[in-house]
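Asks: Sharing a structure, written as structure tokens. Questions coming.
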Amino acid sequence: MADTTELYKYFEPTVQLNTLALSNIHTLTSWGVGTAAGILGLTGWNGFIFFLANWAVISALILFVKCEGKPSVYFKSSFMDVAGTPLFNTLLSYVLVWTLMHALVYIYD
Amino acid sequence: MSGLAESTEQVMFLDPAIRNWVLFPITVIMVLVGVFRHQLTILMTGEPPKPDIRDIRQAKALIRGQILAQSNSYIPLSSFTERKKFLCSAFEEGDYLKNKNAKDQSPVNMMADPKNMEVMMDGMKKQMMGIVPQTLIMGWIQFFFSGFILIKLPFPLGLRFKQMLQSGIMTPNMDVKWVSSLSWYFINLFGLRGVFSLILGGENSADGIRDMTAMGSMGAMGQQSGQPQDYNKLFMAMKDNLSIVYHEWDLANIEQRVFVKYGKQSRVFTSAAK
């Protein structure tokens with residue numbers, strides 16, 4: 001009967017707004033977490049574990065506080081959209097800030 | 001830094017002058033160039049060419065056929081048949097085609113159409129905007145900031161990267177973690193995308209990586225978009241599509257289905273004639 005209702009279920013501009021807001025959250029938090037990792041002097045695997053632990057906490061916060069437990073209301077593919085897809089981009093930002101802060105604190109006199 | 005001491009961390013301290021004059025300037029320059037590129041792209045993107053009404057009519061007629069095929073369950077059989085007959089005869093006659101007289105001619109060469117030239121030039125200009133700053137910055141960094149260690153990566157990499165990341169320095173024993181300025185350029189290239197999306201909003205043209213992937217696909221794409229759509233063939237295909245659609249009205253026998261649902265009738269009796 002209608003999988004055309006699937007097409008009309010989501011209002012496209014709002015979906016884009018939500019995705020943009022989510023990406024802003026991810027960028028800002030990755031800067032914060034990266035600064036913390038750099039200052040703490042984490043190196044190697046510790047740094048990545050720290051990132052993943054924080055990622056889990058932040059994703060849980062987004063899902064349960066902002067989305068009030070119902071991510072499918074706000075995003076098209078719910079869980080993967082919120083926590084899976086932005087992971088790699090955020091990781092790259094995190095590495096930049098982590099390297100920068102670590103160098104500023106520990107490498108330069 | 002050899003023999004027994006090999007397993008310990010190589011600890012070095014760097015001159016803060018390097019930090020002030022290399023680390024920060026590279027980042028700042030990359031951010032500024034990105035913003036500059038974004039604004040320049042906005043200025044350079046001309047108005048998209050106004051499409052011809054016959055072009056639009058062609059495309060919409062095809063979409064109308066598709067919608068009819070997809071949504072056939074919403075209308076009863078008689079309506080569907082009427083629409084199907086009308087559309088099929090229109091497609092057959094070529095009523096919706098741009099050049100009805102030129103129906104049987106082979107498609108016109110894309111290059112001769114002046115409108116399309118503008119679109120292609122715009123695309124090429126965008127590509128140039130992407131590639132040139134990247135190359136310039138890389139050359140600038142290689143020229144001015146080579147031959148010294150800039151920063152230490154907090155995470156380890158394989159030995160293969162040593163050659164790429166410590167390009168100017170001839171020390172076989174130094175850890176791969178100590179890298180030159182070029183690797184700082186790469187780290188910035190990947191990491192600043194988040195910053196750009198914060199400053200410039202969602203759709204921004206300051207993304208270095210998108211240009212790199214676009215460069216790769218540019219060759220393949222240039223060949224394909226040169227073929228204009230042959231609407232005559234498309235219309236014929238749609239006509240065939242419509243004639244084989246199996247129509248099933250959602251409201252068929254709805255009265256009996258309601259009875260069955262509320263238990264007043266045991267099952268639906270379908271008749272031969274719909």
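Identifiers for the structure tokens are assigned positionally: chains receive A, B, ... in sequence, residues are indexed from 1 per chain, and ligands are indexed from 1 in the order shown.
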Do a neighbour search on Leu150 of chain B at 8 Å with only C-alpha atoms, toss out local chain neighbours closer than 2 positions, and write the hits as a VMD selection string.
Replies: chain B and resid 14 18 to 19 22 to 23 148 152 178 to 181 184
Asks: Taking only C-alpha atoms into account, produce a table as a Markdown table in which each residue of chain B with an atom at most 10 Å from an atom of chain A appears once, together with its shortest atom pair and the distance in Å to one decimal, ordered by chain and rising number.
Replies:
| residue | atom | partner | partner_atom | distance |
| --- | --- | --- | --- | --- |
| B:Val11 | CA | A:Ile107 | CA | 8.5 |
| B:Met12 | CA | A:Ile107 | CA | 6.9 |
| B:Phe13 | CA | A:Ile107 | CA | 5.2 |
| B:Leu14 | CA | A:Tyr108 | CA | 5.0 |
| B:Asp15 | CA | A:Tyr108 | CA | 6.2 |
| B:Pro16 | CA | A:Tyr108 | CA | 5.5 |
| B:Ala17 | CA | A:Tyr108 | CA | 9.1 |
| B:Ile18 | CA | A:Tyr108 | CA | 8.7 |
| B:Arg19 | CA | A:Tyr108 | CA | 7.4 |
| B:Leu23 | CA | A:Leu100 | CA | 8.7 |
| B:Phe24 | CA | A:Leu100 | CA | 9.7 |
| B:Gln70 | CA | A:Thr4 | CA | 8.7 |
| B:Ser71 | CA | A:Ala2 | CA | 8.1 |
| B:Asn72 | CA | A:Met1 | CA | 9.9 |
| B:Ser73 | CA | A:Met1 | CA | 7.2 |
| B:Tyr74 | CA | A:Met1 | CA | 8.7 |
| B:Leu150 | CA | A:Ala103 | CA | 9.3 |
| B:Ile151 | CA | A:Ala103 | CA | 6.3 |
| B:Lys152 | CA | A:Ala103 | CA | 6.5 |
| B:Leu153 | CA | A:Thr99 | CA | 5.8 |
| B:Pro154 | CA | A:Thr43 | CA | 4.7 |
| B:Phe155 | CA | A:Gly44 | CA | 4.1 |
| B:Pro156 | CA | A:Gly44 | CA | 6.1 |
| B:Leu157 | CA | A:Gly44 | CA | 9.4 |
| B:Trp184 | CA | A:Leu96 | CA | 8.7 |
| B:Phe186 | CA | A:Leu96 | CA | 9.6 |
| B:Ile187 | CA | A:Leu96 | CA | 5.9 |
| B:Asn188 | CA | A:Leu96 | CA | 6.4 |
| B:Leu189 | CA | A:Leu96 | CA | 9.3 |
| B:Phe190 | CA | A:Leu92 | CA | 6.0 |
| B:Gly191 | CA | A:Ser93 | CA | 4.1 |
| B:Leu192 | CA | A:Ser93 | CA | 6.7 |
| B:Arg193 | CA | A:Ser93 | CA | 7.6 |
| B:Gly194 | CA | A:Thr27 | CA | 5.5 |
| B:Val195 | CA | A:Thr27 | CA | 7.2 |
| B:Ser197 | CA | A:Asn24 | CA | 7.6 |
| B:Leu198 | CA | A:Asn24 | CA | 6.3 |
| B:Ile199 | CA | A:Asn24 | CA | 10.0 |
| B:Gly201 | CA | A:Leu20 | CA | 8.1 |
| B:Gly202 | CA | A:Leu20 | CA | 6.3 |
| B:Glu203 | CA | A:Leu20 | CA | 9.7 |
| B:Glu248 | CA | A:Met1 | CA | 9.9 |
| B:Trp249 | CA | A:Met1 | CA | 9.8 |
| B:Asp250 | CA | A:Met1 | CA | 7.5 |
Asks: Which residues come within 12 Å of Lys162 of chain B, counting only C-alpha atoms, excluding same-chain residues fewer than 2 positions away, as a list in words?
Replies: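 Using only C-alpha atoms, the neighbours found are Pro156, Leu157, Gly158, Leu159, Arg160, Met164, Leu165, Gln166, Ser167, Gly168, Ile169, Met170, Thr171, Pro172, Asn173, Met174, Asp175, Val176, Lys177, Trp178, Val179, Ser180 and Ser183 of chain B.
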Asks: Do you know which residues are at most 9 Å from Tyr10 of chain A counting only C-alpha atoms, after dropping those on the same chain fewer than 4 positions away, and could you put them as a PDB file with C-alpha atoms, in the first residue's frame?
Replies:
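Saved result, selection_20.pdb, follows:
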ATOM      1  CA  GLU A   6       7.833   6.812   3.825  1.00  0.00           C
ATOM      2  CA  THR A  14      14.009  20.213   9.458  1.00  0.00           C
ATOM      3  CA  VAL A  15      16.006  17.033   8.989  1.00  0.00           C
ATOM      4  CA  PHE A  75      16.476  11.763  12.589  1.00  0.00           C
ATOM      5  CA  LYS A  76      15.798   9.536   9.631  1.00  0.00           C
TER       6      LYS A  76
END
Asks: Among chain A, which ones does DSSP assign to alpha helix (DSSP H) (computed from the backbone)? Answer as a ChimeraX atom specification.
Replies: /A:4-7,12-40,45-61,71-74,78-79,87-102
Asks: Fewer than 2 positions away in the same chain doesn't count, so skip those; otherwise give me all residues within 9 Å of Arg37 of chain B, counting only C-alpha atoms, as a ChimeraX atom specification.
Replies: /B:32-35,39-42,129-130,133,205-206
Asks: Could you work out how far atom CA of Glu82 of chain B lies from atom CA of Asn232 of chain B, giving the answer in Å with one decimal?
Replies: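 Atom CA of Glu82 of chain B lies 22.1 Å from atom CA of Asn232 of chain B.
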Asks: I need the residue nearest Arg54 of chain B from this list: B:Met138, B:Leu77, B:Leu97, B:Ile67. Use only C-alpha atoms for the distance.
Replies: B:Leu97
Asks: What does the distance between atom CA of Ile141 of chain B and atom CA of Val33 of chain A come to in Å, to one decimal place?
Replies: 28.9 Å
Asks: For atom CA of Lys239 of chain B and atom CA of Ile63 of chain B, determine how far apart the two atoms are, in Å to one decimal place.
Replies: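 Atom CA of Ile63 of chain B lies at a distance of 12.2 Å from atom CA of Lys239 of chain B.
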